[in-house]
>>> print(open('run09.cif').read())   # mmCIF, C-alpha atoms
data_entry
loop_
_atom_site.group_PDB
_atom_site.id
_atom_site.type_symbol
_atom_site.label_atom_id
_atom_site.label_comp_id
_atom_site.auth_asym_id
_atom_site.auth_seq_id
_atom_site.Cartn_x
_atom_site.Cartn_y
_atom_site.Cartn_z
ATOM 1 C CA MET Z 245 39.984 2.646 0.895
ATOM 2 C CA SER Z 246 38.831 -0.752 -0.390
ATOM 3 C CA GLU Z 247 37.213 -1.482 2.970
ATOM 4 C CA LEU Z 248 34.703 1.301 2.308
ATOM 5 C CA TYR Z 249 33.207 -0.460 -0.696
ATOM 6 C CA ASN Z 250 31.181 -3.638 -1.047
ATOM 7 C CA VAL Z 251 30.998 -4.748 -4.653
ATOM 8 C CA SER Z 252 27.833 -6.748 -5.375
ATOM 9 C CA SER Z 253 25.267 -7.293 -8.076
ATOM 10 C CA SER Z 254 21.825 -5.720 -8.028
ATOM 11 C CA PRO Z 255 19.350 -5.442 -6.423
ATOM 12 C CA HIS Z 256 20.861 -3.101 -3.873
ATOM 13 C CA VAL Z 257 17.644 -2.154 -2.060
ATOM 14 C CA ARG Z 258 16.855 -4.758 0.570
ATOM 15 C CA SER Z 259 14.025 -5.285 3.031
ATOM 16 C CA LYS Z 260 13.722 -7.270 6.228
ATOM 17 C CA ASP Z 261 10.366 -8.619 5.046
ATOM 18 C CA THR Z 262 10.494 -12.220 3.856
ATOM 19 C CA THR Z 263 7.776 -14.331 2.289
ATOM 20 C CA SER Z 264 7.208 -16.174 5.550
ATOM 21 C CA ARG Z 265 6.975 -12.917 7.518
ATOM 22 C CA ILE Z 266 4.430 -11.449 5.092
ATOM 23 C CA MET Z 267 2.391 -14.659 5.147
ATOM 24 C CA LEU Z 268 2.477 -14.613 8.943
ATOM 25 C CA TYR Z 269 1.070 -11.086 8.897
ATOM 26 C CA VAL Z 270 -1.741 -12.264 6.616
ATOM 27 C CA ILE Z 271 -2.523 -15.179 8.941
ATOM 28 C CA ILE Z 272 -2.648 -12.832 11.932
ATOM 29 C CA ALA Z 273 -4.907 -10.458 9.983
ATOM 30 C CA LEU Z 274 -7.288 -13.318 9.174
ATOM 31 C CA LEU Z 275 -7.585 -14.451 12.813
ATOM 32 C CA PRO Z 276 -10.510 -12.127 13.722
ATOM 33 C CA THR Z 277 -12.482 -13.357 10.707
ATOM 34 C CA SER Z 278 -11.575 -16.993 11.374
ATOM 35 C CA ILE Z 279 -12.430 -16.840 15.083
ATOM 36 C CA PHE Z 280 -15.750 -15.181 14.366
ATOM 37 C CA GLY Z 281 -16.515 -17.757 11.675
ATOM 38 C CA ILE Z 282 -15.935 -20.565 14.172
ATOM 39 C CA TYR Z 283 -18.062 -18.768 16.771
ATOM 40 C CA ASN Z 284 -20.809 -18.097 14.238
ATOM 41 C CA PHE Z 285 -20.986 -21.515 12.571
ATOM 42 C CA GLY Z 286 -19.626 -23.850 15.239
ATOM 43 C CA TYR Z 287 -17.262 -26.798 15.127
ATOM 44 C CA LYS Z 288 -17.995 -27.512 11.446
ATOM 45 C CA ALA Z 289 -16.231 -24.291 10.510
ATOM 46 C CA LEU Z 290 -13.220 -25.245 12.636
ATOM 47 C CA VAL Z 291 -13.052 -28.679 10.995
ATOM 48 C CA LEU Z 292 -13.063 -27.182 7.490
ATOM 49 C CA ILE Z 293 -10.370 -24.645 8.390
ATOM 50 C CA LEU Z 294 -8.094 -27.348 9.800
ATOM 51 C CA VAL Z 295 -8.806 -29.741 6.921
ATOM 52 C CA THR Z 296 -8.095 -27.227 4.146
ATOM 53 C CA ILE Z 297 -4.910 -25.937 5.793
ATOM 54 C CA ALA Z 298 -3.627 -29.472 6.352
ATOM 55 C CA THR Z 299 -4.525 -30.497 2.791
ATOM 56 C CA CYS Z 300 -2.747 -27.518 1.252
ATOM 57 C CA VAL Z 301 0.415 -28.022 3.315
ATOM 58 C CA VAL Z 302 0.540 -31.781 2.673
ATOM 59 C CA SER Z 303 -0.210 -31.326 -1.055
ATOM 60 C CA GLU Z 304 2.678 -28.899 -1.447
ATOM 61 C CA TRP Z 305 5.053 -31.139 0.522
ATOM 62 C CA VAL Z 306 4.106 -34.254 -1.468
ATOM 63 C CA TYR Z 307 4.338 -32.453 -4.819
ATOM 64 C CA ASN Z 308 7.795 -31.113 -4.014
ATOM 65 C CA LYS Z 309 8.891 -34.600 -2.974
ATOM 66 C CA ILE Z 310 7.631 -36.151 -6.204
ATOM 67 C CA VAL Z 311 9.325 -33.599 -8.463
ATOM 68 C CA HIS Z 312 12.454 -33.484 -6.261
ATOM 69 C CA LYS Z 313 12.165 -29.813 -5.406
ATOM 70 C CA LYS Z 314 13.157 -28.164 -2.166
ATOM 71 C CA SER Z 315 10.320 -28.093 0.361
ATOM 72 C CA THR Z 316 8.590 -24.716 0.468
ATOM 73 C CA ILE Z 317 6.002 -25.316 3.184
ATOM 74 C CA THR Z 318 7.967 -23.208 5.676
ATOM 75 C CA ASP Z 319 7.150 -20.018 3.737
ATOM 76 C CA LEU Z 320 3.569 -20.361 5.084
ATOM 77 C CA SER Z 321 2.013 -19.595 1.682
ATOM 78 C CA ALA Z 322 0.234 -22.968 1.665
ATOM 79 C CA VAL Z 323 -1.193 -22.200 5.111
ATOM 80 C CA VAL Z 324 -2.543 -18.874 3.841
ATOM 81 C CA THR Z 325 -4.067 -20.573 0.778
ATOM 82 C CA GLY Z 326 -5.757 -23.194 2.945
ATOM 83 C CA LEU Z 327 -7.095 -20.606 5.382
ATOM 84 C CA LEU Z 328 -8.427 -18.341 2.632
ATOM 85 C CA LEU Z 329 -10.045 -21.279 0.877
ATOM 86 C CA ALA Z 330 -11.764 -22.372 4.096
ATOM 87 C CA LEU Z 331 -13.067 -18.843 4.707
ATOM 88 C CA ASN Z 332 -14.640 -18.954 1.246
ATOM 89 C CA LEU Z 333 -16.510 -22.197 1.916
ATOM 90 C CA PRO Z 334 -19.895 -22.776 3.557
ATOM 91 C CA ALA Z 335 -19.583 -24.521 6.912
ATOM 92 C CA THR Z 336 -21.912 -27.258 5.650
ATOM 93 C CA LEU Z 337 -19.526 -28.429 2.913
ATOM 94 C CA PRO Z 338 -18.463 -32.096 3.339
ATOM 95 C CA TRP Z 339 -14.848 -32.312 4.507
ATOM 96 C CA TRP Z 340 -13.768 -34.525 1.607
ATOM 97 C CA GLN Z 341 -14.845 -31.880 -0.900
ATOM 98 C CA ALA Z 342 -12.732 -29.358 1.010
ATOM 99 C CA VAL Z 343 -9.799 -31.784 0.626
ATOM 100 C CA ILE Z 344 -10.333 -31.850 -3.144
ATOM 101 C CA GLY Z 345 -10.442 -28.063 -3.186
ATOM 102 C CA GLY Z 346 -7.230 -27.732 -1.195
ATOM 103 C CA ALA Z 347 -5.383 -30.198 -3.413
ATOM 104 C CA PHE Z 348 -6.646 -28.415 -6.543
ATOM 105 C CA ALA Z 349 -5.523 -25.021 -5.220
ATOM 106 C CA ILE Z 350 -1.977 -26.144 -4.491
ATOM 107 C CA ILE Z 351 -1.249 -28.737 -7.176
ATOM 108 C CA VAL Z 352 -3.181 -27.432 -10.187
ATOM 109 C CA VAL Z 353 -3.280 -23.653 -9.683
ATOM 110 C CA LYS Z 354 0.038 -23.163 -7.882
ATOM 111 C CA CYS Z 355 2.604 -25.953 -8.260
ATOM 112 C CA LEU Z 356 1.983 -26.997 -11.869
ATOM 113 C CA PHE Z 357 2.703 -23.424 -12.945
ATOM 114 C CA GLY Z 358 5.997 -23.238 -11.094
ATOM 115 C CA GLY Z 359 5.041 -22.638 -7.479
ATOM 116 C CA LEU Z 360 4.827 -19.445 -5.450
ATOM 117 C CA GLY Z 361 5.373 -16.384 -7.619
ATOM 118 C CA GLN Z 362 4.360 -18.028 -10.880
ATOM 119 C CA ASN Z 363 0.689 -18.976 -10.459
ATOM 120 C CA PHE Z 364 -1.570 -17.062 -12.839
ATOM 121 C CA MET Z 365 -4.570 -16.715 -10.512
ATOM 122 C CA ASN Z 366 -5.265 -16.697 -6.800
ATOM 123 C CA PRO Z 367 -5.091 -20.391 -5.751
ATOM 124 C CA ALA Z 368 -7.792 -20.163 -3.071
ATOM 125 C CA LEU Z 369 -10.287 -18.493 -5.402
ATOM 126 C CA GLY Z 370 -9.364 -20.777 -8.270
ATOM 127 C CA ALA Z 371 -10.213 -23.722 -6.035
ATOM 128 C CA ARG Z 372 -13.428 -22.085 -4.842
ATOM 129 C CA CYS Z 373 -14.640 -21.553 -8.400
ATOM 130 C CA PHE Z 374 -13.687 -25.151 -9.225
ATOM 131 C CA LEU Z 375 -15.756 -26.376 -6.265
ATOM 132 C CA LEU Z 376 -18.666 -24.148 -7.297
ATOM 133 C CA ILE Z 377 -18.708 -25.875 -10.666
ATOM 134 C CA ALA Z 378 -18.066 -29.406 -9.369
ATOM 135 C CA PHE Z 379 -20.288 -29.331 -6.264
ATOM 136 C CA ALA Z 380 -22.722 -26.497 -6.917
ATOM 137 C CA ALA Z 381 -25.462 -27.752 -4.587
ATOM 138 C CA ASN Z 382 -23.187 -28.119 -1.566
ATOM 139 C CA MET Z 383 -21.284 -24.891 -2.265
ATOM 140 C CA THR Z 384 -24.532 -22.911 -2.238
ATOM 141 C CA ASN Z 385 -26.049 -24.624 0.801
ATOM 142 C CA PHE Z 386 -25.795 -22.201 3.718
ATOM 143 C CA THR Z 387 -28.411 -23.817 5.953
ATOM 144 C CA ILE Z 388 -26.945 -24.596 9.358
ATOM 145 C CA ASP Z 389 -28.196 -24.787 12.935
ATOM 146 C CA SER Z 390 -27.806 -21.025 13.435
ATOM 147 C CA TYR Z 391 -29.209 -19.907 10.082
ATOM 148 C CA SER Z 392 -31.559 -21.109 7.401
ATOM 149 C CA GLY Z 393 -32.672 -19.678 4.110
ATOM 150 C CA ALA Z 394 -30.943 -17.519 1.544
ATOM 151 C CA THR Z 395 -27.891 -15.321 2.011
ATOM 152 C CA PRO Z 396 -28.528 -11.547 2.268
ATOM 153 C CA LEU Z 397 -27.515 -10.938 -1.354
ATOM 154 C CA ALA Z 398 -29.875 -13.656 -2.547
ATOM 155 C CA ALA Z 399 -32.615 -12.099 -0.420
ATOM 156 C CA ILE Z 400 -31.929 -8.683 -1.951
ATOM 157 C CA ARG Z 401 -32.115 -10.116 -5.466
ATOM 158 C CA ASN Z 402 -35.424 -11.821 -4.624
ATOM 159 C CA GLY Z 403 -36.866 -8.589 -3.232
ATOM 160 C CA GLU Z 404 -36.928 -9.896 0.343
ATOM 161 C CA ALA Z 405 -36.138 -7.960 3.509
ATOM 162 C CA TYR Z 406 -32.557 -7.749 4.765
ATOM 163 C CA ASN Z 407 -30.847 -6.248 7.811
ATOM 164 C CA THR Z 408 -27.707 -4.205 7.138
ATOM 165 C CA MET Z 409 -26.628 -4.200 10.779
ATOM 166 C CA ASP Z 410 -26.744 -8.004 10.855
ATOM 167 C CA MET Z 411 -24.476 -8.013 7.809
ATOM 168 C CA LEU Z 412 -21.997 -5.672 9.503
ATOM 169 C CA ILE Z 413 -21.685 -7.783 12.638
ATOM 170 C CA GLY Z 414 -22.046 -11.164 10.934
ATOM 171 C CA ARG Z 415 -25.418 -12.470 12.047
ATOM 172 C CA THR Z 416 -26.228 -13.838 8.611
ATOM 173 C CA ALA Z 417 -25.834 -16.925 6.477
ATOM 174 C CA GLY Z 418 -22.861 -17.143 4.163
ATOM 175 C CA THR Z 419 -19.400 -18.613 3.883
ATOM 176 C CA ILE Z 420 -17.256 -19.002 6.998
ATOM 177 C CA GLY Z 421 -15.265 -15.811 6.510
ATOM 178 C CA GLU Z 422 -17.508 -13.420 4.600
ATOM 179 C CA THR Z 423 -20.210 -12.568 7.107
ATOM 180 C CA CYS Z 424 -18.609 -10.213 9.657
ATOM 181 C CA THR Z 425 -17.474 -7.037 7.898
ATOM 182 C CA ILE Z 426 -16.095 -5.563 11.118
ATOM 183 C CA ALA Z 427 -13.757 -8.531 11.667
ATOM 184 C CA ILE Z 428 -12.548 -8.330 8.061
ATOM 185 C CA LEU Z 429 -11.824 -4.609 8.372
ATOM 186 C CA LEU Z 430 -9.867 -5.143 11.585
ATOM 187 C CA GLY Z 431 -7.583 -7.541 9.724
ATOM 188 C CA ALA Z 432 -7.334 -5.174 6.746
ATOM 189 C CA ILE Z 433 -6.266 -2.279 8.998
ATOM 190 C CA PHE Z 434 -3.538 -4.491 10.475
ATOM 191 C CA LEU Z 435 -2.181 -5.324 7.002
ATOM 192 C CA ILE Z 436 -2.186 -1.653 6.012
ATOM 193 C CA LEU Z 437 -0.364 -0.626 9.209
ATOM 194 C CA MET Z 438 2.235 -3.371 8.644
ATOM 195 C CA GLY Z 439 2.772 -2.134 5.102
ATOM 196 C CA VAL Z 440 1.738 -5.456 3.567
ATOM 197 C CA ILE Z 441 -0.949 -3.881 1.359
ATOM 198 C CA ASP Z 442 -1.873 -0.380 0.267
ATOM 199 C CA LEU Z 443 -5.260 1.048 -0.564
ATOM 200 C CA ARG Z 444 -4.858 1.415 -4.335
ATOM 201 C CA ILE Z 445 -6.455 -1.914 -5.281
ATOM 202 C CA PRO Z 446 -9.128 -2.316 -2.554
ATOM 203 C CA GLY Z 447 -9.940 1.409 -2.569
ATOM 204 C CA THR Z 448 -10.371 1.587 -6.341
ATOM 205 C CA TYR Z 449 -12.290 -1.694 -6.317
ATOM 206 C CA ILE Z 450 -14.790 -0.479 -3.719
ATOM 207 C CA VAL Z 451 -15.251 3.000 -5.231
ATOM 208 C CA THR Z 452 -15.732 1.596 -8.746
ATOM 209 C CA PHE Z 453 -18.205 -0.983 -7.490
ATOM 210 C CA VAL Z 454 -20.221 1.657 -5.592
ATOM 211 C CA ILE Z 455 -20.406 3.879 -8.693
ATOM 212 C CA PHE Z 456 -21.481 0.917 -10.823
ATOM 213 C CA MET Z 457 -24.235 -0.051 -8.379
ATOM 214 C CA LEU Z 458 -25.474 3.551 -8.157
ATOM 215 C CA LEU Z 459 -25.778 3.630 -11.934
ATOM 216 C CA PHE Z 460 -27.086 0.137 -12.666
ATOM 217 C CA GLY Z 461 -28.226 -1.375 -9.359
ATOM 218 C CA GLY Z 462 -31.767 -0.121 -9.771
ATOM 219 C CA HIS Z 463 -31.960 1.424 -6.290
ATOM 220 C CA GLY Z 464 -30.526 4.849 -6.992
ATOM 221 C CA LEU Z 465 -28.944 6.613 -4.008
ATOM 222 C CA ASP Z 466 -30.249 4.114 -1.453
ATOM 223 C CA ALA Z 467 -27.373 4.055 1.077
ATOM 224 C CA ASN Z 468 -28.779 1.018 2.866
ATOM 225 C CA TYR Z 469 -28.710 -0.967 -0.374
ATOM 226 C CA ILE Z 470 -25.126 0.097 -1.176
ATOM 227 C CA VAL Z 471 -23.886 -0.834 2.300
ATOM 228 C CA ALA Z 472 -25.608 -4.213 2.030
ATOM 229 C CA GLN Z 473 -23.929 -4.841 -1.325
ATOM 230 C CA LEU Z 474 -20.533 -3.937 0.146
ATOM 231 C CA CYS Z 475 -20.985 -6.110 3.229
ATOM 232 C CA GLY Z 476 -22.388 -9.130 1.401
ATOM 233 C CA GLY Z 477 -20.940 -11.775 -0.855
ATOM 234 C CA GLY Z 478 -17.351 -11.683 0.327
ATOM 235 C CA LEU Z 479 -16.567 -8.368 -1.354
ATOM 236 C CA MET Z 480 -14.599 -6.989 1.612
ATOM 237 C CA LEU Z 481 -12.731 -10.268 2.131
ATOM 238 C CA GLY Z 482 -11.885 -10.407 -1.555
ATOM 239 C CA ALA Z 483 -10.917 -6.738 -1.831
ATOM 240 C CA PHE Z 484 -8.431 -6.698 1.048
ATOM 241 C CA PHE Z 485 -7.140 -10.270 1.204
ATOM 242 C CA MET Z 486 -7.293 -11.787 -2.281
ATOM 243 C CA ALA Z 487 -7.318 -8.996 -4.835
ATOM 244 C CA THR Z 488 -4.128 -7.676 -3.175
ATOM 245 C CA ASP Z 489 -2.231 -10.950 -3.623
ATOM 246 C CA TYR Z 490 1.311 -9.954 -4.662
ATOM 247 C CA VAL Z 491 1.642 -12.698 -7.269
ATOM 248 C CA THR Z 492 -1.611 -12.214 -9.152
ATOM 249 C CA SER Z 493 -2.040 -8.421 -8.964
ATOM 250 C CA PRO Z 494 -0.164 -5.659 -10.842
ATOM 251 C CA ILE Z 495 2.973 -4.105 -9.358
ATOM 252 C CA THR Z 496 2.765 -0.736 -11.125
ATOM 253 C CA PRO Z 497 0.809 2.072 -9.370
ATOM 254 C CA GLY Z 498 -1.299 2.749 -12.452
ATOM 255 C CA GLY Z 499 -1.819 -0.968 -12.954
ATOM 256 C CA LYS Z 500 -3.213 -1.325 -9.454
ATOM 257 C CA ILE Z 501 -5.757 1.414 -10.142
ATOM 258 C CA LEU Z 502 -6.797 -0.143 -13.459
ATOM 259 C CA PHE Z 503 -6.944 -3.574 -11.828
ATOM 260 C CA GLY Z 504 -9.288 -2.205 -9.141
ATOM 261 C CA VAL Z 505 -11.517 -0.667 -11.814
ATOM 262 C CA CYS Z 506 -11.741 -4.030 -13.609
ATOM 263 C CA LEU Z 507 -12.672 -5.738 -10.350
ATOM 264 C CA GLY Z 508 -15.399 -3.231 -9.543
ATOM 265 C CA VAL Z 509 -16.937 -3.335 -13.021
ATOM 266 C CA LEU Z 510 -16.875 -7.140 -13.266
ATOM 267 C CA THR Z 511 -18.354 -7.612 -9.789
ATOM 268 C CA GLY Z 512 -21.098 -5.128 -10.623
ATOM 269 C CA LEU Z 513 -21.827 -6.862 -13.931
ATOM 270 C CA PHE Z 514 -22.102 -10.259 -12.277
ATOM 271 C CA ARG Z 515 -24.345 -8.996 -9.489
ATOM 272 C CA CYS Z 516 -26.647 -6.858 -11.602
ATOM 273 C CA PHE Z 517 -26.912 -8.900 -14.773
ATOM 274 C CA GLY Z 518 -25.553 -12.373 -13.995
ATOM 275 C CA ALA Z 519 -27.170 -15.472 -12.587
ATOM 276 C CA ASN Z 520 -25.007 -15.403 -9.454
ATOM 277 C CA ALA Z 521 -25.807 -12.935 -6.667
ATOM 278 C CA GLU Z 522 -22.165 -12.823 -5.499
ATOM 279 C CA GLY Z 523 -19.611 -12.499 -8.308
ATOM 280 C CA VAL Z 524 -16.474 -11.520 -6.360
ATOM 281 C CA SER Z 525 -14.563 -14.781 -6.899
ATOM 282 C CA PHE Z 526 -15.069 -14.839 -10.663
ATOM 283 C CA ALA Z 527 -14.319 -11.116 -10.923
ATOM 284 C CA ILE Z 528 -10.960 -11.567 -9.187
ATOM 285 C CA ILE Z 529 -9.763 -14.590 -11.141
ATOM 286 C CA LEU Z 530 -10.824 -13.037 -14.467
ATOM 287 C CA SER Z 531 -8.986 -9.852 -13.540
ATOM 288 C CA ASN Z 532 -5.948 -11.970 -12.587
ATOM 289 C CA LEU Z 533 -5.838 -13.120 -16.219
ATOM 290 C CA LEU Z 534 -5.714 -9.496 -17.361
ATOM 291 C CA VAL Z 535 -2.720 -8.597 -15.180
ATOM 292 C CA PRO Z 536 -0.023 -9.169 -17.864
ATOM 293 C CA MET Z 537 -1.838 -6.837 -20.246
ATOM 294 C CA ILE Z 538 -2.513 -4.276 -17.496
ATOM 295 C CA GLU Z 539 1.163 -4.172 -16.540
ATOM 296 C CA LYS Z 540 2.238 -3.892 -20.172
ATOM 297 C CA ILE Z 541 0.180 -0.757 -20.760
ATOM 298 C CA THR Z 542 0.897 0.859 -17.368
ATOM 299 C CA ILE Z 543 4.639 0.236 -17.001
ATOM 300 C CA PRO Z 544 6.452 3.591 -16.663
ATOM 301 C CA ARG Z 545 8.562 4.631 -19.643
ATOM 302 C CA ALA Z 546 12.274 4.868 -18.940
ATOM 303 C CA PHE Z 547 13.676 8.404 -18.750
ATOM 304 C CA GLY Z 548 14.791 9.567 -22.185
ATOM 305 C CA GLN Z 549 12.943 6.815 -24.047
ATOM 306 C CA VAL Z 550 10.794 7.898 -27.000
ATOM 307 C CA LYS Z 551 8.246 6.091 -29.093
ATOM 308 C CA GLU Z 552 9.376 4.530 -32.369
ATOM 309 C CA GLY Z 553 7.270 6.910 -34.423
ATOM 310 C CA LYS Z 554 8.876 9.994 -32.882
ATOM 311 C CA LYS Z 555 12.530 9.067 -33.484
ATOM 312 C CA HIS Z 556 12.660 10.661 -36.918
ATOM 313 C CA GLU Z 557 10.535 13.739 -36.143
#
>>> encode(input="run09.cif", output="structure tokens")
Amino acid sequence: MSELYNVSSSPHVRSKDTTSRIMLYVIIALLPTSIFGIYNFGYKALVLILVTIATCVVSEWVYNKIVHKKSTITDLSAVVTGLLLALNLPATLPWWQAVIGGAFAIIVVKCLFGGLGQNFMNPALGARCFLLIAFAANMTNFTIDSYSGATPLAAIRNGEAYNTMDMLIGRTAGTIGETCTIAILLGAIFLILMGVIDLRIPGTYIVTFVIFMLLFGGHGLDANYIVAQLCGGGLMLGAFFMATDYVTSPITPGGKILFGVCLGVLTGLFRCFGANAEGVSFAIILSNLLVPMIEKITIPRAFGQVKEGKKHE
């Protein structure tokens, strides 16, 4: 009879998915966007992608060596951070500034707070916002051989003409990974099919943002304007690849919905009333800071538990 039982401590529900497997899925999902970014912006984009990935991996390895911790570079999380950071950079950014960004993402945002699973905001976006503050001129310079002038969102804000189809297929200025919406969606579909992400956060984010722009965007029911807002400024990349980060997003179903609402409202506020035409990066990292509170108010109540005030009723 004893052979029929296996006594062990919880948890008893197990999955074949490991951190490295999930990170590998994310890398595969980002390949269409990365390949298009290299095609669109040339060798400079490739250099930045390789530099940021290498910097993130080396930074994590060196940090773990210094503090005598077990090496964690094999979980591929540093590779994902480096790739996401590169996709959020303009191809014209000097390589040494990308190195600073990669080191900041891993050492300051991730490792100093305990490593994977304990960082309080998305490392890639934390580094991007740091670079925007430290090197604002270079981080907003999107002039390259293929393109010159403002990004589509900047053109929209200035009342200039824009082409929605160009934004869908990526024939516009912007960061390496934000321009081709089709490539981003291909990667997002892969992650959904693999069960890595669900649609609660990105779906709520997009719907909330659309409603906000309909109400406050100043263009009413102009579908062309709404599509341009969705395709521009890294919103799709942020919604599917960074807002869904396991570590910095809520785990409760209700929390994911509320988190998506916060993202949509903040992005809309930044775009409609802020000085920056983009707003996705700041919206995500600010919402990351709200996650502990969101989870506290959305955690399901245990069966049979009653509120303190009702015990004596």
>>> resolve_selection(input="run09.cif", expression="the PyMOL selection byres ((chain Z and resi 530) around 12)", output="ChimeraX atom specification")
/Z:364-366,369-370,373,487,492-493,503,506-511,514,523-529,531-536
>>> resolve_selection(input="run09.cif", expression="the PyMOL selection byres ((chain Z and resi 348) around 10)", output="count of residues only")
23
>>> closest_residue(input="run09.cif", among="Z:Gly462, Z:Gly359, Z:Pro338, Z:Gly477", to="Z:Cys516", atoms="only C-alpha atoms")
Z:Gly462
>>> closest_residue(input="run09.cif", among="Z:Asn332, Z:Gln341, Z:Thr263, Z:Met438", to="Z:Thr316", atoms="all atoms listed in the file")
Z:Thr263
>>> residues_around(input="run09.cif", residues="Z:Ala521", least_positions_apart="5", cutoff="6 Å", atoms="all atoms listed in the file", output="ChimeraX atom specification")
/Z:397-398,515
>>> atom_distance(input="run09.cif", atom1="atom CA of Z:Phe379", atom2="atom CA of Z:Ala335")
14.0 Å
>>> closest_residue(input="run09.cif", among="Z:Asn468, Z:Thr325, Z:Thr277, Z:Thr496", to="Z:Ala298", atoms="only C-alpha atoms")
Z:Thr325
>>> axis_aligned_box(input="run09.cif", around="stretch 442-446 of chain Z", padding_each_side="3 Å", output="lines of an AutoDock Vina configuration file")
center_x = -5.5
center_y = -0.5
center_z = -2.5
size_x = 13.3
size_y = 9.7
size_z = 11.5
>>> atom_distance(input="run09.cif", atom1="atom CA of Z:Thr448", atom2="atom CA of Z:Gly504")
4.8 Å
>>> resolve_selection(input="run09.cif", expression="the PyMOL selection byres ((chain Z and resi 498) around 9)", output="mmCIF file with C-alpha atoms, keeping the file's coordinate frame")
data_model
loop_
_atom_site.group_PDB
_atom_site.id
_atom_site.type_symbol
_atom_site.label_atom_id
_atom_site.label_comp_id
_atom_site.auth_asym_id
_atom_site.auth_seq_id
_atom_site.Cartn_x
_atom_site.Cartn_y
_atom_site.Cartn_z
ATOM 1 C CA ARG Z 444 -4.858 1.415 -4.335
ATOM 2 C CA PRO Z 494 -0.164 -5.659 -10.842
ATOM 3 C CA ILE Z 495 2.973 -4.105 -9.358
ATOM 4 C CA THR Z 496 2.765 -0.736 -11.125
ATOM 5 C CA PRO Z 497 0.809 2.072 -9.370
ATOM 6 C CA GLY Z 499 -1.819 -0.968 -12.954
ATOM 7 C CA LYS Z 500 -3.213 -1.325 -9.454
ATOM 8 C CA ILE Z 501 -5.757 1.414 -10.142
ATOM 9 C CA LEU Z 502 -6.797 -0.143 -13.459
ATOM 10 C CA PHE Z 503 -6.944 -3.574 -11.828
ATOM 11 C CA ILE Z 538 -2.513 -4.276 -17.496
ATOM 12 C CA GLU Z 539 1.163 -4.172 -16.540
ATOM 13 C CA THR Z 542 0.897 0.859 -17.368
ATOM 14 C CA ILE Z 543 4.639 0.236 -17.001
ATOM 15 C CA PRO Z 544 6.452 3.591 -16.663
#
>>> atom_distance(input="run09.cif", atom1="atom CA of Z:Leu294", atom2="atom CA of Z:Tyr269")
18.7 Å
>>> closest_residue(input="run09.cif", among="Z:Glu404, Z:Glu522, Z:Asp389, Z:Glu304", to="Z:Val323", atoms="only C-alpha atoms")
Z:Glu304
>>> closest_residue(input="run09.cif", among="Z:Ile433, Z:Ile420, Z:Leu329, Z:Leu337", to="Z:Ala273", atoms="only C-alpha atoms")
Z:Ile433
>>> closest_residue(input="run09.cif", among="Z:Leu513, Z:Ile279, Z:Leu479, Z:Val491", to="Z:Met457", atoms="all atoms listed in the file")
Z:Leu513
>>> closest_atom_pairs(input="run09.cif", of="stretch 376-488 of chain Z", to="stretch 281-288 of chain Z", cutoff="9 Å", atoms="all atoms listed in the file", output="Markdown table")
| residue | atom | partner | partner_atom | distance |
| --- | --- | --- | --- | --- |
| Z:Ile388 | CA | Z:Phe285 | CA | 7.4 |
| Z:Asp389 | CA | Z:Phe285 | CA | 7.9 |
| Z:Ser390 | CA | Z:Phe285 | CA | 6.9 |
| Z:Tyr391 | CA | Z:Phe285 | CA | 8.7 |
| Z:Gly414 | CA | Z:Asn284 | CA | 7.8 |
| Z:Arg415 | CA | Z:Asn284 | CA | 7.6 |
| Z:Thr416 | CA | Z:Asn284 | CA | 8.9 |
| Z:Thr419 | CA | Z:Gly281 | CA | 8.4 |
| Z:Ile420 | CA | Z:Gly281 | CA | 4.9 |
| Z:Gly421 | CA | Z:Gly281 | CA | 5.7 |
| Z:Glu422 | CA | Z:Gly281 | CA | 8.4 |
| Z:Thr423 | CA | Z:Gly281 | CA | 7.8 |
| Z:Cys424 | CA | Z:Gly281 | CA | 8.1 |
>>> residues_around(input="run09.cif", residues="Z:Val270", least_positions_apart="6", cutoff="8 Å", atoms="all atoms listed in the file", output="PyMOL selection string")
chain Z and resi 324+435+485
>>> write_last_selection(input="run09.cif", atoms="C-alpha atoms", output="PDB file, in the coordinates of the input")
ATOM      1  CA  VAL Z 324      -2.543 -18.874   3.841  1.00  0.00           C
ATOM      2  CA  LEU Z 435      -2.181  -5.324   7.002  1.00  0.00           C
ATOM      3  CA  PHE Z 485      -7.140 -10.270   1.204  1.00  0.00           C
TER       4      PHE Z 485
END
